[in-house]
Each structure stands twice: as structure tokens, then as C-alpha cells.
$ cat structure02.pdb   # PDB, C-alpha atoms
MODEL        1
ATOM      1  CA  MET A   1      -6.067 -19.597  -6.152  1.00  0.00           C
ATOM      2  CA  LYS A   2      -2.870 -17.562  -5.624  1.00  0.00           C
ATOM      3  CA  LEU A   3      -2.782 -15.247  -2.639  1.00  0.00           C
ATOM      4  CA  ILE A   4      -0.840 -12.027  -2.834  1.00  0.00           C
ATOM      5  CA  ALA A   5      -0.534  -9.773   0.137  1.00  0.00           C
ATOM      6  CA  VAL A   6       0.816  -6.392   1.016  1.00  0.00           C
ATOM      7  CA  GLY A   7       2.956  -5.147   3.933  1.00  0.00           C
ATOM      8  CA  THR A   8       2.329  -4.437   7.561  1.00  0.00           C
ATOM      9  CA  ALA A   9       4.081  -1.785   9.563  1.00  0.00           C
ATOM     10  CA  ILE A  10       5.312  -4.326  12.119  1.00  0.00           C
ATOM     11  CA  LEU A  11       7.078  -6.863   9.916  1.00  0.00           C
ATOM     12  CA  LEU A  12       8.478  -4.718   7.123  1.00  0.00           C
ATOM     13  CA  PRO A  13      11.127  -2.932   9.244  1.00  0.00           C
ATOM     14  CA  ALA A  14      12.479  -6.306  10.414  1.00  0.00           C
ATOM     15  CA  PHE A  15      12.791  -7.456   6.816  1.00  0.00           C
ATOM     16  CA  LEU A  16      14.510  -4.239   5.749  1.00  0.00           C
ATOM     17  CA  LEU A  17      17.039  -4.654   8.542  1.00  0.00           C
ATOM     18  CA  GLY A  18      18.003  -8.077   7.220  1.00  0.00           C
ATOM     19  CA  CYS A  19      16.140 -10.201   9.740  1.00  0.00           C
ATOM     20  CA  GLY A  20      14.388 -12.266   7.072  1.00  0.00           C
ATOM     21  CA  GLY A  21      15.839 -15.616   6.110  1.00  0.00           C
ATOM     22  CA  GLY A  22      16.370 -16.970   2.624  1.00  0.00           C
ATOM     23  CA  ASP A  23      13.770 -19.012   0.796  1.00  0.00           C
ATOM     24  CA  SER A  24      15.610 -21.925  -0.740  1.00  0.00           C
ATOM     25  CA  THR A  25      12.831 -22.743  -3.221  1.00  0.00           C
ATOM     26  CA  SER A  26      12.525 -19.361  -4.966  1.00  0.00           C
ATOM     27  CA  GLY A  27      15.894 -17.756  -4.255  1.00  0.00           C
ATOM     28  CA  GLU A  28      14.055 -14.695  -2.856  1.00  0.00           C
ATOM     29  CA  PRO A  29      14.457 -13.565   0.731  1.00  0.00           C
ATOM     30  CA  SER A  30      11.838 -15.050   3.022  1.00  0.00           C
ATOM     31  CA  LEU A  31       9.098 -12.459   3.376  1.00  0.00           C
ATOM     32  CA  PRO A  32       6.044 -12.274   5.587  1.00  0.00           C
ATOM     33  CA  PRO A  33       2.957 -13.685   3.851  1.00  0.00           C
ATOM     34  CA  ASN A  34       1.559 -10.211   3.291  1.00  0.00           C
ATOM     35  CA  ILE A  35       4.309  -8.900   0.981  1.00  0.00           C
ATOM     36  CA  VAL A  36       3.967  -8.789  -2.819  1.00  0.00           C
ATOM     37  CA  THR A  37       7.086 -10.439  -4.242  1.00  0.00           C
ATOM     38  CA  GLU A  38       8.668 -10.274  -7.679  1.00  0.00           C
ATOM     39  CA  SER A  39       7.521 -13.848  -8.328  1.00  0.00           C
ATOM     40  CA  ASP A  40       3.922 -12.792  -7.517  1.00  0.00           C
ATOM     41  CA  ILE A  41       4.210 -10.025 -10.093  1.00  0.00           C
ATOM     42  CA  ASP A  42       5.919 -12.292 -12.636  1.00  0.00           C
ATOM     43  CA  ALA A  43       2.987 -14.734 -12.355  1.00  0.00           C
ATOM     44  CA  GLN A  44       0.809 -12.146 -14.132  1.00  0.00           C
ATOM     45  CA  ALA A  45       0.993 -11.657 -17.910  1.00  0.00           C
ATOM     46  CA  SER A  46       3.463  -9.030 -19.063  1.00  0.00           C
ATOM     47  CA  GLY A  47       1.666  -5.824 -20.015  1.00  0.00           C
ATOM     48  CA  SER A  48      -1.559  -6.863 -18.249  1.00  0.00           C
ATOM     49  CA  PRO A  49      -3.569  -4.575 -15.970  1.00  0.00           C
ATOM     50  CA  GLU A  50      -3.315  -7.244 -13.244  1.00  0.00           C
ATOM     51  CA  ARG A  51       0.488  -7.098 -13.328  1.00  0.00           C
ATOM     52  CA  ALA A  52       0.453  -3.284 -13.371  1.00  0.00           C
ATOM     53  CA  LEU A  53      -1.800  -3.247 -10.299  1.00  0.00           C
ATOM     54  CA  LEU A  54       0.553  -5.559  -8.392  1.00  0.00           C
ATOM     55  CA  GLU A  55       3.575  -3.452  -9.376  1.00  0.00           C
ATOM     56  CA  TRP A  56       1.737  -0.351  -8.129  1.00  0.00           C
ATOM     57  CA  TRP A  57       0.713  -2.156  -4.921  1.00  0.00           C
ATOM     58  CA  GLN A  58       4.251  -3.346  -4.207  1.00  0.00           C
ATOM     59  CA  SER A  59       5.716   0.123  -4.791  1.00  0.00           C
ATOM     60  CA  PHE A  60       3.081   1.570  -2.458  1.00  0.00           C
ATOM     61  CA  GLN A  61       3.783  -1.091   0.142  1.00  0.00           C
ATOM     62  CA  PHE A  62       7.464  -0.164   0.259  1.00  0.00           C
ATOM     63  CA  GLY A  63       6.698   3.556   0.519  1.00  0.00           C
ATOM     64  CA  ASP A  64       8.273   4.296  -2.889  1.00  0.00           C
ATOM     65  CA  SER A  65       6.234   7.393  -3.740  1.00  0.00           C
ATOM     66  CA  GLU A  66       8.198   8.084  -6.927  1.00  0.00           C
ATOM     67  CA  GLN A  67       7.333   4.665  -8.393  1.00  0.00           C
ATOM     68  CA  VAL A  68       3.733   4.881  -7.165  1.00  0.00           C
ATOM     69  CA  LEU A  69       3.325   8.259  -8.886  1.00  0.00           C
ATOM     70  CA  GLU A  70       4.804   6.841 -12.112  1.00  0.00           C
ATOM     71  CA  ARG A  71       2.285   3.984 -11.968  1.00  0.00           C
ATOM     72  CA  THR A  72      -0.739   6.207 -11.234  1.00  0.00           C
ATOM     73  CA  SER A  73      -2.902   7.872 -13.888  1.00  0.00           C
ATOM     74  CA  GLU A  74      -2.549  11.627 -14.314  1.00  0.00           C
ATOM     75  CA  SER A  75      -6.251  12.170 -13.582  1.00  0.00           C
ATOM     76  CA  THR A  76      -5.919  10.270 -10.280  1.00  0.00           C
ATOM     77  CA  ILE A  77      -2.851  12.284  -9.251  1.00  0.00           C
ATOM     78  CA  ASP A  78      -4.666  15.510 -10.160  1.00  0.00           C
ATOM     79  CA  LYS A  79      -7.681  14.498  -8.069  1.00  0.00           C
ATOM     80  CA  LEU A  80      -5.620  13.451  -5.026  1.00  0.00           C
ATOM     81  CA  GLY A  81      -2.988  16.178  -5.167  1.00  0.00           C
ATOM     82  CA  LYS A  82       0.568  15.120  -5.973  1.00  0.00           C
ATOM     83  CA  GLN A  83       2.149  16.367  -2.732  1.00  0.00           C
ATOM     84  CA  ASP A  84      -0.563  14.967  -0.438  1.00  0.00           C
ATOM     85  CA  PHE A  85      -0.512  11.629  -2.254  1.00  0.00           C
ATOM     86  CA  SER A  86       3.289  11.404  -2.143  1.00  0.00           C
ATOM     87  CA  GLU A  87       3.413  12.182   1.593  1.00  0.00           C
ATOM     88  CA  PHE A  88       0.701   9.614   2.269  1.00  0.00           C
ATOM     89  CA  VAL A  89       2.585   6.872   0.399  1.00  0.00           C
ATOM     90  CA  LYS A  90       5.824   7.618   2.282  1.00  0.00           C
ATOM     91  CA  SER A  91       4.113   7.623   5.674  1.00  0.00           C
ATOM     92  CA  ALA A  92       1.391   5.012   5.376  1.00  0.00           C
ATOM     93  CA  GLY A  93       2.407   2.708   2.539  1.00  0.00           C
ATOM     94  CA  GLN A  94       3.421  -0.192   4.747  1.00  0.00           C
ATOM     95  CA  GLY A  95      -0.073  -0.366   6.210  1.00  0.00           C
ATOM     96  CA  LEU A  96      -1.702  -1.172   2.870  1.00  0.00           C
ATOM     97  CA  GLN A  97      -3.656  -4.395   3.267  1.00  0.00           C
ATOM     98  CA  GLY A  98      -3.142  -7.634   1.351  1.00  0.00           C
ATOM     99  CA  ILE A  99      -4.448  -8.259  -2.146  1.00  0.00           C
ATOM    100  CA  GLU A 100      -5.475 -11.255  -4.216  1.00  0.00           C
ATOM    101  CA  VAL A 101      -6.005 -10.734  -7.960  1.00  0.00           C
ATOM    102  CA  LEU A 102      -9.092 -12.598  -9.181  1.00  0.00           C
ATOM    103  CA  GLY A 103      -9.291 -11.409 -12.798  1.00  0.00           C
ATOM    104  CA  ALA A 104      -9.732  -8.434 -15.088  1.00  0.00           C
ATOM    105  CA  GLU A 105     -11.874  -7.141 -17.893  1.00  0.00           C
ATOM    106  CA  GLU A 106     -10.344  -4.830 -20.472  1.00  0.00           C
ATOM    107  CA  ASN A 107     -12.378  -2.359 -22.489  1.00  0.00           C
ATOM    108  CA  GLY A 108     -10.108  -0.357 -24.787  1.00  0.00           C
ATOM    109  CA  ASN A 109      -7.905   1.902 -22.669  1.00  0.00           C
ATOM    110  CA  THR A 110      -9.613   1.002 -19.391  1.00  0.00           C
ATOM    111  CA  ALA A 111      -9.717  -2.157 -17.318  1.00  0.00           C
ATOM    112  CA  SER A 112     -11.443  -3.331 -14.166  1.00  0.00           C
ATOM    113  CA  VAL A 113      -9.312  -5.592 -12.001  1.00  0.00           C
ATOM    114  CA  ARG A 114     -11.289  -7.721  -9.539  1.00  0.00           C
ATOM    115  CA  VAL A 115      -9.495  -8.398  -6.270  1.00  0.00           C
ATOM    116  CA  GLY A 116      -9.929  -9.665  -2.766  1.00  0.00           C
ATOM    117  CA  LEU A 117      -8.587  -7.261  -0.147  1.00  0.00           C
ATOM    118  CA  LEU A 118      -6.999  -9.500   2.464  1.00  0.00           C
ATOM    119  CA  GLN A 119      -6.508  -9.207   6.188  1.00  0.00           C
ATOM    120  CA  PHE A 120      -3.949 -11.240   8.133  1.00  0.00           C
ATOM    121  CA  GLN A 121      -5.123 -10.899  11.728  1.00  0.00           C
ATOM    122  CA  PRO A 122      -3.007 -12.672  14.379  1.00  0.00           C
ATOM    123  CA  GLU A 123      -4.917 -14.789  16.902  1.00  0.00           C
ATOM    124  CA  LYS A 124      -3.388 -12.807  19.773  1.00  0.00           C
ATOM    125  CA  GLU A 125      -1.986  -9.296  19.966  1.00  0.00           C
ATOM    126  CA  GLY A 126       1.760  -9.214  19.384  1.00  0.00           C
ATOM    127  CA  GLU A 127       1.879 -12.462  17.412  1.00  0.00           C
ATOM    128  CA  PRO A 128       3.048 -12.464  13.796  1.00  0.00           C
ATOM    129  CA  PRO A 129       0.354 -12.541  11.122  1.00  0.00           C
ATOM    130  CA  PRO A 130      -0.762 -15.993   9.966  1.00  0.00           C
ATOM    131  CA  SER A 131       0.424 -17.299   6.588  1.00  0.00           C
ATOM    132  CA  ASP A 132      -3.163 -17.505   5.311  1.00  0.00           C
ATOM    133  CA  PRO A 133      -5.566 -14.564   5.248  1.00  0.00           C
ATOM    134  CA  THR A 134      -8.189 -14.408   7.976  1.00  0.00           C
ATOM    135  CA  SER A 135     -10.685 -12.441   5.845  1.00  0.00           C
ATOM    136  CA  SER A 136     -11.192 -11.102   2.336  1.00  0.00           C
ATOM    137  CA  THR A 137     -13.374  -8.313   0.979  1.00  0.00           C
ATOM    138  CA  PRO A 138     -14.165  -8.128  -2.747  1.00  0.00           C
ATOM    139  CA  ASP A 139     -13.320  -4.930  -4.584  1.00  0.00           C
ATOM    140  CA  THR A 140     -12.614  -3.696  -8.107  1.00  0.00           C
ATOM    141  CA  PHE A 141      -9.858  -1.303  -9.161  1.00  0.00           C
ATOM    142  CA  GLU A 142      -9.957   0.705 -12.332  1.00  0.00           C
ATOM    143  CA  MET A 143      -6.823   0.833 -14.437  1.00  0.00           C
ATOM    144  CA  LYS A 144      -6.253   3.254 -17.305  1.00  0.00           C
ATOM    145  CA  LYS A 145      -3.866   2.850 -20.226  1.00  0.00           C
ATOM    146  CA  GLU A 146      -1.645   5.881 -20.735  1.00  0.00           C
ATOM    147  CA  GLY A 147       0.657   5.406 -23.688  1.00  0.00           C
ATOM    148  CA  ASP A 148       1.292   1.679 -23.604  1.00  0.00           C
ATOM    149  CA  GLU A 149       1.310   1.308 -19.800  1.00  0.00           C
ATOM    150  CA  TRP A 150      -1.544   0.458 -17.439  1.00  0.00           C
ATOM    151  CA  LYS A 151      -1.862   2.942 -14.581  1.00  0.00           C
ATOM    152  CA  PHE A 152      -3.794   2.829 -11.306  1.00  0.00           C
ATOM    153  CA  ALA A 153      -6.957   4.944 -11.733  1.00  0.00           C
ATOM    154  CA  ALA A 154      -9.059   4.456  -8.589  1.00  0.00           C
ATOM    155  CA  PRO A 155      -8.884   7.680  -6.533  1.00  0.00           C
ATOM    156  CA  GLU A 156     -12.006   6.657  -4.585  1.00  0.00           C
ATOM    157  CA  PHE A 157      -9.940   3.922  -2.893  1.00  0.00           C
ATOM    158  CA  LEU A 158      -7.334   6.429  -1.711  1.00  0.00           C
ATOM    159  CA  GLU A 159      -9.345   9.586  -0.951  1.00  0.00           C
ATOM    160  CA  PRO A 160     -10.716   8.493   2.460  1.00  0.00           C
ATOM    161  CA  LYS A 161      -7.316   7.107   3.444  1.00  0.00           C
ATOM    162  CA  ILE A 162      -5.534  10.349   2.561  1.00  0.00           C
ATOM    163  CA  GLU A 163      -8.189  12.447   4.346  1.00  0.00           C
ATOM    164  CA  SER A 164      -7.834  10.325   7.478  1.00  0.00           C
ATOM    165  CA  PHE A 165      -4.036  10.597   7.268  1.00  0.00           C
ATOM    166  CA  GLN A 166      -4.234  14.386   6.935  1.00  0.00           C
ATOM    167  CA  GLU A 167      -6.620  14.643   9.897  1.00  0.00           C
ATOM    168  CA  SER A 168      -4.227  12.541  11.968  1.00  0.00           C
ATOM    169  CA  GLN A 169      -1.302  14.764  10.949  1.00  0.00           C
ATOM    170  CA  GLN A 170      -3.269  17.891  11.921  1.00  0.00           C
ATOM    171  CA  GLU A 171      -4.160  16.390  15.305  1.00  0.00           C
ATOM    172  CA  GLN A 172      -0.497  15.557  15.936  1.00  0.00           C
ATOM    173  CA  GLU A 173       0.539  19.093  14.994  1.00  0.00           C
ATOM    174  CA  GLN A 174      -2.115  20.563  17.309  1.00  0.00           C
ATOM    175  CA  THR A 175      -0.998  18.293  20.169  1.00  0.00           C
ATOM    176  CA  THR A 176       2.644  19.247  19.602  1.00  0.00           C
ATOM    177  CA  THR A 177       1.787  22.962  19.455  1.00  0.00           C
ATOM    178  CA  THR A 178      -0.328  22.733  22.622  1.00  0.00           C
ATOM    179  CA  THR A 179       2.364  20.774  24.487  1.00  0.00           C
ATOM    180  CA  THR A 180       5.099  23.203  23.398  1.00  0.00           C
ATOM    181  CA  SER A 181       2.921  26.180  24.368  1.00  0.00           C
ATOM    182  CA  GLU A 182       2.204  24.660  27.816  1.00  0.00           C
ATOM    183  CA  LYS A 183       5.919  24.015  28.431  1.00  0.00           C
ATOM    184  CA  THR A 184       6.792  27.583  27.434  1.00  0.00           C
ATOM    185  CA  THR A 185       4.117  29.001  29.731  1.00  0.00           C
ATOM    186  CA  THR A 186       5.245  26.778  32.633  1.00  0.00           C
ATOM    187  CA  THR A 187       8.921  27.629  32.103  1.00  0.00           C
ATOM    188  CA  SER A 188       8.439  31.383  31.760  1.00  0.00           C
ATOM    189  CA  GLY A 189       5.839  31.557  34.564  1.00  0.00           C
ATOM    190  CA  GLY A 190       7.776  29.485  37.078  1.00  0.00           C
TER
ENDMDL
END
$ encode --input "structure02.pdb" --output "C-alpha cells"
Amino acid sequence: MKLIAVGTAILLPAFLLGCGGGDSTSGEPSLPPNIVTESDIDAQASGSPERALLEWWQSFQFGDSEQVLERTSESTIDKLGKQDFSEFVKSAGQGLQGIEVLGAEENGNTASVRVGLLQFQPEKEGEPPPSDPTSSTPDTFEMKKEGDEWKFAAPEFLEPKIESFQESQQEQEQTTTTTTSEKTTTTSGG
């Protein structure tokens, strides 16, 4: 069983700054165990919904909203809102949990990809994630064929995440506005 995982906010910046070492067996840079690599994607059949899902997941993981949008069905983008979805990917993409593809069933222009959503929980706070997942939750993602490409078509996976992100953004804006207002009042009143 091949494990494929997706980024964490802690380890990805170190990799992007060149702190990762080389992997002499694959020729790819050494990545944390929770990163989807090109070899993970290449292990899936070309043109398959499983491969398309991993390409979408990797693009999301690296915060590449343009590629994520290209790999997402039009109906999903319409339901989520293009701007909200794009901002969410840019801000929260690295926090997307790990994934293990278990199989897929195609039915015409739709497919259901069965996965395990993986967690890599360190034993102690501040430690790097373990190389093997510490838990897995089964899930299924719908994919939709548009033209001759499979696209991610599971808005129900993203809707609660985007709503939570937006609520967090609003709370931050309210805190910033309140803090700025308090400083102005203190400065002008003092």
C-alpha cells in the first residue's frame, strides 16, 4: 500500500528555503513524508482520476491557486466562489492533510476516488512529523471529466474549510480594527 501525503505549514517553508537534502534513490529533493511528489503522481495511470486528484492535491498543497482552479470543475468553482476559493488555497493550502489513494470507480464522465485522509502527528509538540501516518480516515472524492481532463468535483470537502477560514479572517480584521481604534483613542485622549 503506497502512502501519499500532503504538506504541513511547519515543514514546507524549510523545504522551499532549500533546507531539504537530496534523495539519492529517486533524484528528487528529500521531502517530508507528508508531501505529494512527482513520483507519487507518476505512479498513477496517465489520464486516470486518481492521478488527477493527486495533481490537484499537490497544487493545493503548494498554494498554487491558479493550478488548483484549472484542476477544479466549473460547477465546484461556481459553488465555492472563485475569489474565496483562490484566497483560501493561497492562505491555507499547506495545511491540507495527507492522502492515500485506495482506488476509483469510473462511471462515464464521473468517478469516485476512494482515499484515506492521513494525519502525521508528532509524539511531542515541536517534533517533526513521523514518516508513517498516525491515523487515517476513509473518504471519497468525486471527480468530473470536463473535455478530456478529470477535475476535482467535491465542494462539500472544501465548503466548511473555506467558511472557517473566512470566519477566522473576519475575526482577525475585527481584532485589528478594535486594536487600531483603541490606540487612536488612547493617543488622541492622552
$ closest_residue --input "structure02.pdb" --among "A:Phe60, A:Phe120, A:Phe88, A:Phe141" --to "Pro160 in chain A" --atoms "only C-alpha atoms"
A:Phe88
$ axis_aligned_box --input "structure02.pdb" --around "range 116-135 of chain A" --padding-each-side "6 Å" --output "lines of an AutoDock Vina configuration file"
center_x = -3.8
center_y = -12.4
center_z = 8.6
size_x = 25.7
size_y = 22.2
size_z = 34.7
$ resolve_selection --input "structure02.pdb" --expression "the PyMOL selection byres ((chain A and resi 118) around 7)" --output "JSON, numbers by chain"
{"A": [5, 97, 98, 99, 116, 117, 119, 120, 133, 135, 136, 137]}
$ residues_around --input "structure02.pdb" --residues "Lys151 in chain A" --least-positions-apart "3" --cutoff "7 Å" --atoms "all atoms listed in the file" --output "ChimeraX atom specification"
/A:52,71-73,143-146
$ residues_around --input "structure02.pdb" --residues "Ser59 in chain A" --least-positions-apart "2" --cutoff "12 Å" --atoms "all atoms listed in the file" --output "ChimeraX atom specification"
/A:6-7,35-38,41,52-57,61-72,86,89-90,93-94,96,152
